[in-house]
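Trainee: Okay, so here is upload-v9.pdb, and as you'll see once you scroll down, it has PDB, C-alpha atoms.
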MODEL        1
ATOM      1  CA  MET A   1      -1.432 -40.919 -21.071
ATOM      2  CA  LEU A   2       1.676 -41.116 -18.898
ATOM      3  CA  LEU A   3       1.991 -37.908 -16.899
ATOM      4  CA  ASP A   4       4.927 -37.264 -14.579
ATOM      5  CA  SER A   5       4.085 -33.915 -12.976
ATOM      6  CA  LEU A   6       6.196 -31.634 -10.808
ATOM      7  CA  GLN A   7       4.230 -32.943  -7.837
ATOM      8  CA  HIS A   8       5.147 -36.529  -8.727
ATOM      9  CA  LYS A   9       8.803 -35.568  -9.084
ATOM     10  CA  GLY A  10       8.736 -33.779  -5.758
ATOM     11  CA  LEU A  11       7.243 -36.792  -4.003
ATOM     12  CA  ARG A  12       9.867 -38.994  -5.648
ATOM     13  CA  GLN A  13      12.712 -36.832  -4.364
ATOM     14  CA  LYS A  14      11.225 -36.889  -0.872
ATOM     15  CA  LEU A  15      11.092 -40.691  -1.048
ATOM     16  CA  LEU A  16      14.711 -40.910  -2.206
ATOM     17  CA  LYS A  17      15.842 -38.846   0.770
ATOM     18  CA  ALA A  18      13.994 -41.252   3.056
ATOM     19  CA  LEU A  19      15.634 -44.252   1.353
ATOM     20  CA  TYR A  20      19.061 -42.674   1.770
ATOM     21  CA  GLY A  21      18.367 -42.396   5.488
ATOM     22  CA  LYS A  22      17.525 -46.105   5.562
ATOM     23  CA  GLY A  23      20.812 -47.143   3.954
ATOM     24  CA  VAL A  24      20.176 -47.014   0.211
ATOM     25  CA  ASN A  25      23.125 -44.703  -0.461
ATOM     26  CA  ASP A  26      24.431 -45.768  -3.868
ATOM     27  CA  GLU A  27      24.140 -42.558  -5.914
ATOM     28  CA  ARG A  28      23.664 -44.417  -9.197
ATOM     29  CA  VAL A  29      20.824 -46.487  -7.761
ATOM     30  CA  LEU A  30      19.118 -43.420  -6.310
ATOM     31  CA  ALA A  31      19.498 -41.558  -9.609
ATOM     32  CA  ALA A  32      17.974 -44.486 -11.499
ATOM     33  CA  MET A  33      15.033 -44.677  -9.100
ATOM     34  CA  GLY A  34      14.646 -40.925  -9.379
ATOM     35  CA  SER A  35      14.294 -41.272 -13.153
ATOM     36  CA  VAL A  36      11.561 -43.931 -13.038
ATOM     37  CA  PRO A  37       8.027 -42.706 -12.217
ATOM     38  CA  ARG A  38       6.759 -45.409  -9.848
ATOM     39  CA  HIS A  39       3.149 -44.277 -10.203
ATOM     40  CA  PHE A  40       3.178 -45.388 -13.857
ATOM     41  CA  PHE A  41       3.276 -48.990 -12.609
ATOM     42  CA  LEU A  42       0.179 -48.693 -10.412
ATOM     43  CA  ALA A  43      -3.525 -48.376 -11.085
ATOM     44  CA  SER A  44      -4.755 -44.838 -11.703
ATOM     45  CA  GLY A  45      -5.756 -43.073  -8.525
ATOM     46  CA  LEU A  46      -2.888 -44.493  -6.487
ATOM     47  CA  ASP A  47      -0.565 -41.538  -7.088
ATOM     48  CA  LYS A  48      -0.691 -40.475  -3.448
ATOM     49  CA  ILE A  49       0.634 -43.782  -2.159
ATOM     50  CA  ALA A  50       2.991 -44.499  -5.054
ATOM     51  CA  TYR A  51       5.823 -42.699  -3.272
ATOM     52  CA  THR A  52       5.318 -44.148   0.177
ATOM     53  CA  ASP A  53       7.733 -46.892   1.207
ATOM     54  CA  GLY A  54       5.346 -49.806   1.020
ATOM     55  CA  ALA A  55       4.466 -52.778  -1.182
ATOM     56  CA  ILE A  56       1.262 -52.294  -3.195
ATOM     57  CA  PRO A  57      -0.929 -54.965  -4.865
ATOM     58  CA  ILE A  58      -0.728 -55.042  -8.672
ATOM     59  CA  GLY A  59      -3.085 -57.942  -9.378
ATOM     60  CA  ALA A  60      -2.652 -61.686  -9.890
ATOM     61  CA  GLY A  61      -1.799 -62.001  -6.199
ATOM     62  CA  GLN A  62       1.422 -60.037  -6.707
ATOM     63  CA  THR A  63       2.772 -56.739  -5.391
ATOM     64  CA  ILE A  64       5.140 -54.025  -6.488
ATOM     65  CA  SER A  65       7.989 -54.225  -3.980
ATOM     66  CA  ARG A  66       8.462 -51.399  -1.509
ATOM     67  CA  PRO A  67      10.976 -48.829  -2.798
ATOM     68  CA  TYR A  68      13.452 -49.635  -0.028
ATOM     69  CA  THR A  69      13.541 -53.267  -1.149
ATOM     70  CA  VAL A  70      14.076 -52.276  -4.785
ATOM     71  CA  GLY A  71      16.887 -49.936  -3.791
ATOM     72  CA  TRP A  72      18.485 -52.424  -1.405
ATOM     73  CA  GLN A  73      18.440 -55.345  -3.855
ATOM     74  CA  THR A  74      19.714 -53.168  -6.686
ATOM     75  CA  GLN A  75      22.495 -51.814  -4.500
ATOM     76  CA  LEU A  76      23.507 -55.343  -3.496
ATOM     77  CA  LEU A  77      23.565 -56.376  -7.153
ATOM     78  CA  ASN A  78      26.218 -53.726  -7.932
ATOM     79  CA  VAL A  79      25.164 -53.243 -11.544
ATOM     80  CA  VAL A  80      27.794 -52.337 -14.126
ATOM     81  CA  ARG A  81      26.694 -50.712 -17.392
ATOM     82  CA  ASP A  82      26.131 -53.143 -20.285
ATOM     83  CA  GLU A  83      26.120 -56.188 -18.009
ATOM     84  CA  LYS A  84      23.675 -58.933 -18.948
ATOM     85  CA  ILE A  85      21.267 -59.330 -16.041
ATOM     86  CA  LEU A  86      18.544 -61.901 -15.465
ATOM     87  CA  GLU A  87      15.573 -60.815 -13.366
ATOM     88  CA  ILE A  88      13.193 -63.409 -11.968
ATOM     89  CA  GLY A  89       9.733 -61.945 -11.430
ATOM     90  CA  THR A  90       9.023 -59.022 -13.767
ATOM     91  CA  GLY A  91       5.845 -58.155 -11.878
ATOM     92  CA  SER A  92       4.818 -54.579 -12.654
ATOM     93  CA  GLY A  93       8.096 -53.931 -14.481
ATOM     94  CA  TYR A  94       9.288 -51.249 -12.032
ATOM     95  CA  GLN A  95      12.455 -53.054 -10.949
ATOM     96  CA  THR A  96      13.096 -53.891 -14.608
ATOM     97  CA  ALA A  97      12.954 -50.196 -15.492
ATOM     98  CA  VAL A  98      15.415 -49.330 -12.719
ATOM     99  CA  LEU A  99      17.880 -51.919 -14.062
ATOM    100  CA  CYS A 100      17.446 -50.495 -17.567
ATOM    101  CA  GLU A 101      18.162 -46.993 -16.224
ATOM    102  CA  LEU A 102      21.448 -48.333 -14.869
ATOM    103  CA  GLY A 103      22.410 -49.338 -18.399
ATOM    104  CA  ALA A 104      22.055 -53.094 -18.000
ATOM    105  CA  SER A 105      21.003 -55.491 -20.731
ATOM    106  CA  VAL A 106      17.995 -56.951 -18.947
ATOM    107  CA  TYR A 107      16.302 -60.319 -19.405
ATOM    108  CA  SER A 108      13.242 -60.714 -17.194
ATOM    109  CA  ILE A 109      10.927 -63.689 -16.620
ATOM    110  CA  GLU A 110       7.320 -63.491 -15.406
ATOM    111  CA  ARG A 111       5.060 -66.505 -14.775
ATOM    112  CA  GLN A 112       1.790 -64.526 -14.762
ATOM    113  CA  ARG A 113       0.729 -63.887 -18.347
ATOM    114  CA  LEU A 114      -1.368 -60.821 -17.448
ATOM    115  CA  LEU A 115       1.516 -59.140 -15.637
ATOM    116  CA  HIS A 116       3.947 -60.074 -18.409
ATOM    117  CA  SER A 117       1.698 -58.464 -21.036
ATOM    118  CA  LYS A 118       1.056 -55.311 -19.003
ATOM    119  CA  ALA A 119       4.735 -54.808 -18.198
ATOM    120  CA  LYS A 120       5.722 -55.363 -21.829
ATOM    121  CA  SER A 121       3.289 -52.714 -23.035
ATOM    122  CA  LEU A 122       4.146 -50.155 -20.345
ATOM    123  CA  LEU A 123       7.923 -50.485 -20.570
ATOM    124  CA  ALA A 124       7.754 -50.035 -24.348
ATOM    125  CA  GLN A 125       5.677 -46.861 -23.881
ATOM    126  CA  MET A 126       8.323 -45.573 -21.479
ATOM    127  CA  GLY A 127      11.104 -46.223 -23.994
ATOM    128  CA  TYR A 128      12.677 -49.244 -22.301
ATOM    129  CA  HIS A 129      13.471 -52.361 -24.301
ATOM    130  CA  PRO A 130      14.311 -55.259 -21.967
ATOM    131  CA  ASN A 131      13.961 -58.859 -23.109
ATOM    132  CA  LEU A 132      10.731 -59.941 -21.413
ATOM    133  CA  VAL A 133       9.861 -63.631 -21.255
ATOM    134  CA  TYR A 134       6.711 -65.416 -20.110
ATOM    135  CA  GLY A 135       7.980 -68.518 -18.366
ATOM    136  CA  ASP A 136       9.149 -70.358 -15.259
ATOM    137  CA  GLY A 137      11.730 -68.431 -13.244
ATOM    138  CA  PHE A 138      13.083 -71.614 -11.660
ATOM    139  CA  GLU A 139      14.324 -72.660 -15.098
ATOM    140  CA  GLY A 140      15.972 -69.344 -15.919
ATOM    141  CA  LEU A 141      17.031 -68.735 -19.517
ATOM    142  CA  PRO A 142      19.818 -71.207 -20.330
ATOM    143  CA  GLN A 143      19.780 -70.183 -23.978
ATOM    144  CA  HIS A 144      20.943 -66.683 -22.998
ATOM    145  CA  ALA A 145      23.348 -67.664 -20.205
ATOM    146  CA  PRO A 146      25.755 -66.884 -18.705
ATOM    147  CA  PHE A 147      24.504 -63.806 -16.848
ATOM    148  CA  ALA A 148      26.769 -61.391 -15.011
ATOM    149  CA  LYS A 149      24.084 -60.820 -12.394
ATOM    150  CA  ILE A 150      20.811 -62.496 -11.407
ATOM    151  CA  LEU A 151      18.137 -60.770  -9.334
ATOM    152  CA  VAL A 152      15.240 -62.714  -7.826
ATOM    153  CA  THR A 153      12.313 -60.550  -6.700
ATOM    154  CA  CYS A 154      10.275 -63.246  -4.944
ATOM    155  CA  GLY A 155      10.946 -65.521  -1.992
ATOM    156  CA  ALA A 156      12.343 -68.953  -2.874
ATOM    157  CA  ASP A 157      12.094 -71.926  -0.506
ATOM    158  CA  HIS A 158      15.390 -73.178  -1.948
ATOM    159  CA  VAL A 159      18.143 -71.849  -4.173
ATOM    160  CA  PRO A 160      17.395 -72.886  -7.784
ATOM    161  CA  GLN A 161      20.420 -74.816  -9.030
ATOM    162  CA  ALA A 162      19.598 -73.867 -12.620
ATOM    163  CA  LEU A 163      20.106 -70.202 -11.787
ATOM    164  CA  LEU A 164      23.460 -70.805 -10.141
ATOM    165  CA  CYS A 165      24.536 -72.736 -13.227
ATOM    166  CA  GLN A 166      23.518 -69.791 -15.442
ATOM    167  CA  LEU A 167      25.513 -67.306 -13.358
ATOM    168  CA  ALA A 168      28.859 -66.358 -14.881
ATOM    169  CA  VAL A 169      32.085 -66.919 -12.969
ATOM    170  CA  GLY A 170      32.700 -63.641 -11.163
ATOM    171  CA  GLY A 171      28.954 -62.983 -11.170
ATOM    172  CA  ARG A 172      26.498 -62.346  -8.364
ATOM    173  CA  MET A 173      22.970 -63.473  -7.559
ATOM    174  CA  VAL A 174      20.734 -61.670  -5.056
ATOM    175  CA  ILE A 175      17.803 -63.784  -3.859
ATOM    176  CA  PRO A 176      15.452 -63.972  -0.853
ATOM    177  CA  VAL A 177      15.571 -67.547   0.514
ATOM    178  CA  GLY A 178      13.597 -69.293   3.245
ATOM    179  CA  SER A 179      10.170 -70.589   4.106
ATOM    180  CA  GLY A 180       7.027 -68.856   5.287
ATOM    181  CA  ASN A 181       7.865 -65.674   7.172
ATOM    182  CA  ALA A 182      11.492 -66.739   7.695
ATOM    183  CA  LEU A 183      12.995 -65.244   4.534
ATOM    184  CA  TYR A 184      16.521 -63.869   4.400
ATOM    185  CA  MET A 185      18.160 -61.820   1.692
ATOM    186  CA  CYS A 186      21.101 -63.817   0.375
ATOM    187  CA  VAL A 187      23.968 -62.927  -1.914
ATOM    188  CA  PHE A 188      25.766 -65.620  -3.927
ATOM    189  CA  ASP A 189      29.111 -64.747  -5.503
ATOM    190  CA  LYS A 190      30.397 -67.275  -8.030
ATOM    191  CA  ILE A 191      34.141 -67.515  -7.432
ATOM    192  CA  SER A 192      34.669 -70.400  -9.858
ATOM    193  CA  GLU A 193      32.644 -73.188 -11.446
ATOM    194  CA  THR A 194      33.062 -75.168  -8.235
ATOM    195  CA  GLU A 195      33.159 -72.432  -5.569
ATOM    196  CA  ILE A 196      30.262 -70.178  -4.581
ATOM    197  CA  LYS A 197      30.362 -67.796  -1.631
ATOM    198  CA  GLN A 198      27.057 -67.255   0.180
ATOM    199  CA  THR A 199      26.324 -64.224   2.366
ATOM    200  CA  LYS A 200      23.152 -64.265   4.449
ATOM    201  CA  LEU A 201      21.803 -60.834   5.301
ATOM    202  CA  SER A 202      18.752 -59.615   7.229
ATOM    203  CA  GLU A 203      15.171 -60.882   7.175
ATOM    204  CA  CYS A 204      12.856 -59.706   4.417
ATOM    205  CA  SER A 205       9.342 -60.183   3.093
ATOM    206  CA  PHE A 206       8.375 -61.254  -0.448
ATOM    207  CA  VAL A 207       5.589 -63.028  -2.276
ATOM    208  CA  PRO A 208       6.554 -66.681  -2.860
ATOM    209  CA  MET A 209       8.476 -67.862  -5.887
ATOM    210  CA  LEU A 210       6.331 -70.463  -7.637
ATOM    211  CA  GLN A 211       7.199 -73.068 -10.237
ATOM    212  CA  GLY A 212       5.504 -73.344 -13.618
ATOM    213  CA  VAL A 213       3.433 -70.666 -15.313
ATOM    214  CA  SER A 214      -0.055 -69.373 -14.674
TER     215      SER A 214
ENDMDL
END
Would you give me this structure, written as structure tokens?

Mentor:
Amino acid sequence: MLLDSLQHKGLRQKLLKALYGKGVNDERVLAAMGSVPRHFFLASGLDKIAYTDGAIPIGAGQTISRPYTVGWQTQLLNVVRDEKILEIGTGSGYQTAVLCELGASVYSIERQRLLHSKAKSLLAQMGYHPNLVYGDGFEGLPQHAPFAKILVTCGADHVPQALLCQLAVGGRMVIPVGSGNALYMCVFDKISETEIKQTKLSECSFVPMLQGVS
């Protein structure tokens, strides 16, 4: 049973105030995060840490990103209602739910079958209906391209060319790029089919983006 109590809601609001103080100040993003119970995406008994600003293991060697990271990436993405968005790394499904709350048409790829299945079941219970795919994020979803926005929630050692090709002209991709501990959040804006503007932002920490499926 999915229970979102007054205590949970209170902890969520306290977290949102903390995120605002850290620079996540897009009201639509904060409202979306305020509507998604993060504790639903964690194992039972983790309610007390669900609304702390930290990454938490979710199995299969993966984590649910810290709330600040979710807010920051979503803010950078600048989601517009009804946009078609590709997410690489469904994970727990929390970021997916936030994108759905913003009114996006979400396509999300997960390479871990267990996580894909769990997220699919949970998101359906919560009333969200994204297009969830078990597959290789490096390949993207060419059959559904182009995408207005692409969000990568794991650290890539290089920028996947396939994803840039699937990004619509005028679109934006947000992706952590680098090697080892030297990851940087990067924003790619597709000006034309031959011109892409890259903006390198601050350092960040993510689980690695891996090729193939598990």

Trainee: Once the PyMOL selection byres ((chain A and resi 58-70) around 9) is applied to the coordinates I shared, what remains selected? I want it as an MDAnalysis selection string.

Mentor: chainID A and resid 15:16 18:19 22:24 33 38 41:43 51:57 71:75 91:95 98 112 114:115 153 204 206:207

Trainee: Pull C-alpha atoms from the residues just selected and write them as an mmCIF file, in the coordinates of the input.

Mentor:
data_model
loop_
_atom_site.group_PDB
_atom_site.id
_atom_site.type_symbol
_atom_site.label_atom_id
_atom_site.label_comp_id
_atom_site.auth_asym_id
_atom_site.auth_seq_id
_atom_site.Cartn_x
_atom_site.Cartn_y
_atom_site.Cartn_z
ATOM 1 C CA LEU A 15 11.092 -40.691 -1.048
ATOM 2 C CA LEU A 16 14.711 -40.910 -2.206
ATOM 3 C CA ALA A 18 13.994 -41.252 3.056
ATOM 4 C CA LEU A 19 15.634 -44.252 1.353
ATOM 5 C CA LYS A 22 17.525 -46.105 5.562
ATOM 6 C CA GLY A 23 20.812 -47.143 3.954
ATOM 7 C CA VAL A 24 20.176 -47.014 0.211
ATOM 8 C CA MET A 33 15.033 -44.677 -9.100
ATOM 9 C CA ARG A 38 6.759 -45.409 -9.848
ATOM 10 C CA PHE A 41 3.276 -48.990 -12.609
ATOM 11 C CA LEU A 42 0.179 -48.693 -10.412
ATOM 12 C CA ALA A 43 -3.525 -48.376 -11.085
ATOM 13 C CA TYR A 51 5.823 -42.699 -3.272
ATOM 14 C CA THR A 52 5.318 -44.148 0.177
ATOM 15 C CA ASP A 53 7.733 -46.892 1.207
ATOM 16 C CA GLY A 54 5.346 -49.806 1.020
ATOM 17 C CA ALA A 55 4.466 -52.778 -1.182
ATOM 18 C CA ILE A 56 1.262 -52.294 -3.195
ATOM 19 C CA PRO A 57 -0.929 -54.965 -4.865
ATOM 20 C CA GLY A 71 16.887 -49.936 -3.791
ATOM 21 C CA TRP A 72 18.485 -52.424 -1.405
ATOM 22 C CA GLN A 73 18.440 -55.345 -3.855
ATOM 23 C CA THR A 74 19.714 -53.168 -6.686
ATOM 24 C CA GLN A 75 22.495 -51.814 -4.500
ATOM 25 C CA GLY A 91 5.845 -58.155 -11.878
ATOM 26 C CA SER A 92 4.818 -54.579 -12.654
ATOM 27 C CA GLY A 93 8.096 -53.931 -14.481
ATOM 28 C CA TYR A 94 9.288 -51.249 -12.032
ATOM 29 C CA GLN A 95 12.455 -53.054 -10.949
ATOM 30 C CA VAL A 98 15.415 -49.330 -12.719
ATOM 31 C CA GLN A 112 1.790 -64.526 -14.762
ATOM 32 C CA LEU A 114 -1.368 -60.821 -17.448
ATOM 33 C CA LEU A 115 1.516 -59.140 -15.637
ATOM 34 C CA THR A 153 12.313 -60.550 -6.700
ATOM 35 C CA CYS A 204 12.856 -59.706 4.417
ATOM 36 C CA PHE A 206 8.375 -61.254 -0.448
ATOM 37 C CA VAL A 207 5.589 -63.028 -2.276
#

Trainee: Using Å and a single decimal, report how far CA of Leu3 (chain A) sits from CA of Gln125 (chain A).

Mentor: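 According to the coordinates, CA of Gln125 (chain A) and CA of Leu3 (chain A) are separated by 11.9 Å.
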
Trainee: Evaluate the PyMOL selection byres ((chain A and resi 164-172) around 7) and record the selected residues as a list of chain:residue names, following the chain and residue labels used in the document.

Mentor: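 Here the PyMOL selection byres ((chain A and resi 164-172) around 7) matches A:Leu77, A:Pro142, A:Ala145, A:Pro146, A:Phe147, A:Ala148, A:Lys149, A:Ile150, A:Pro160, A:Gln161, A:Ala162, A:Leu163, A:Met173, A:Val174, A:Val187, A:Phe188, A:Asp189, A:Lys190, A:Ile191, A:Ser192, A:Glu193.
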
Trainee: Between A:Ser105, A:Ser44, A:Ser35, A:Asn25, which residue has the minimum interatomic distance to Leu76 (chain A), considering only C-alpha atoms?

Mentor: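 When distances to Leu76 (chain A) are compared using only C-alpha atoms, the smallest one comes from A:Asn25.
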
Trainee: So what do you get for CA of Tyr107 (chain A) versus CA of Ile88 (chain A), distance-wise?

Mentor: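 Distance between the two atoms: 8.6 Å.
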
Trainee: I'd like the interatomic distance between CA of Glu110 (chain A) and CA of Ser214 (chain A), to a tenth of an Å.

Mentor: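 Separation of CA of Glu110 (chain A) and CA of Ser214 (chain A): 9.5 Å.
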
Trainee: I need the output of the PyMOL selection byres ((chain A and resi 177) around 12) for this file as an MDAnalysis selection string; which residues are they?

Mentor: chainID A and resid 152:160 173:176 178:188 198:209

Trainee: Using only C-alpha atoms, which residues sit within 10 Å of Leu2 (chain A) once same-chain residues fewer than 4 positions away are excluded, as a list in words?

Mentor: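 Surrounding residues, per the criterion: Pro37, His39, Phe40, Leu122, Gln125 and Met126 of chain A.
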
Trainee: Hey, can you spit out that residue selection with C-alpha atoms as a CSV table (one decimal), in the coordinates of the input?

Mentor:
chain,number,residue,atom,x,y,z
A,37,PRO,CA,8.0,-42.7,-12.2
A,39,HIS,CA,3.1,-44.3,-10.2
A,40,PHE,CA,3.2,-45.4,-13.9
A,122,LEU,CA,4.1,-50.2,-20.3
A,125,GLN,CA,5.7,-46.9,-23.9
A,126,MET,CA,8.3,-45.6,-21.5

Trainee: I need the residue nearest Ala124 (chain A) from this list: A:Ile85, A:Ile109, A:Cys100, A:Ile49. Use all atoms listed in the file for the distance.

Mentor: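 Closest candidate: A:Cys100.
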
Trainee: Would you please take region 24-105 of chain A of the structure in the block above and write C-alpha atoms to a file as a compact mmCIF listing (two decimals), in the first residue's frame?

Mentor:
# COMPACT_ATOMS: atom_id res chain seq x y z
CA VAL A 24 16.89 24.85 -7.35
CA ASN A 25 14.50 27.79 -7.71
CA ASP A 26 12.30 26.89 -10.68
CA GLU A 27 8.80 26.93 -9.16
CA ARG A 28 7.45 24.35 -11.61
CA VAL A 29 10.27 21.93 -10.81
CA LEU A 30 9.80 22.37 -7.07
CA ALA A 31 6.04 21.87 -7.41
CA ALA A 32 6.59 18.68 -9.41
CA MET A 33 9.03 17.33 -6.82
CA GLY A 34 6.59 18.30 -4.11
CA SER A 35 3.92 16.17 -5.78
CA VAL A 36 6.06 13.01 -6.03
CA PRO A 37 6.50 11.00 -2.80
CA ARG A 38 10.19 10.04 -2.94
CA HIS A 39 9.78 7.39 -0.25
CA PHE A 40 7.61 5.33 -2.62
CA PHE A 41 10.76 4.63 -4.65
CA LEU A 42 12.77 3.24 -1.73
CA ALA A 43 12.63 0.07 0.31
CA SER A 44 10.19 0.12 3.22
CA GLY A 45 11.74 1.43 6.40
CA LEU A 46 13.74 4.14 4.65
CA ASP A 47 11.11 6.85 5.13
CA LYS A 48 13.31 8.80 7.52
CA ILE A 49 16.12 9.22 5.02
CA ALA A 50 13.94 9.53 1.92
CA TYR A 51 13.79 13.30 2.33
CA THR A 52 17.43 13.93 3.10
CA ASP A 53 19.53 15.31 0.26
CA GLY A 54 21.53 12.21 -0.50
CA ALA A 55 21.77 9.38 -3.02
CA ILE A 56 20.41 6.06 -1.73
CA PRO A 57 21.08 2.52 -3.07
CA ILE A 58 18.14 0.92 -4.89
CA GLY A 59 19.72 -2.39 -5.87
CA ALA A 60 21.54 -3.68 -8.96
CA GLY A 61 24.47 -1.43 -8.06
CA GLN A 62 22.37 1.67 -8.75
CA THR A 63 21.18 4.60 -6.65
CA ILE A 64 18.30 7.03 -6.58
CA SER A 65 19.93 10.40 -7.25
CA ARG A 66 20.05 12.97 -4.48
CA PRO A 67 17.09 15.37 -4.68
CA TYR A 68 19.35 18.33 -5.45
CA THR A 69 20.68 16.53 -8.52
CA VAL A 70 17.17 15.67 -9.71
CA GLY A 71 16.08 19.27 -9.25
CA TRP A 72 19.20 20.72 -10.87
CA GLN A 73 19.08 18.47 -13.94
CA THR A 74 15.35 19.02 -14.37
CA GLN A 75 15.80 22.77 -14.07
CA LEU A 76 18.57 22.72 -16.67
CA LEU A 77 16.35 20.71 -19.01
CA ASN A 78 13.71 23.49 -19.01
CA VAL A 79 10.78 21.17 -19.64
CA VAL A 80 7.81 22.46 -21.62
CA ARG A 81 4.45 20.69 -21.28
CA ASP A 82 3.77 18.00 -23.91
CA GLU A 83 7.40 17.89 -25.04
CA LYS A 84 8.72 14.45 -25.97
CA ILE A 85 11.60 13.69 -23.61
CA LEU A 86 14.04 10.79 -23.61
CA GLU A 87 15.47 9.76 -20.25
CA ILE A 88 18.51 7.50 -20.09
CA GLY A 89 18.57 5.51 -16.87
CA THR A 90 15.09 4.97 -15.43
CA GLY A 91 16.52 3.59 -12.20
CA SER A 92 13.90 3.75 -9.45
CA GLY A 93 11.57 5.80 -11.66
CA TYR A 94 11.65 8.89 -9.41
CA GLN A 95 13.10 11.26 -12.00
CA THR A 96 10.67 9.79 -14.54
CA ALA A 97 7.75 10.67 -12.26
CA VAL A 98 9.00 14.24 -11.86
CA LEU A 99 9.15 14.64 -15.65
CA CYS A 100 5.62 13.23 -15.93
CA GLU A 101 4.42 15.74 -13.31
CA LEU A 102 5.78 18.50 -15.53
CA GLY A 103 3.50 17.29 -18.31
CA ALA A 104 6.15 15.77 -20.56
CA SER A 105 5.65 12.78 -22.82
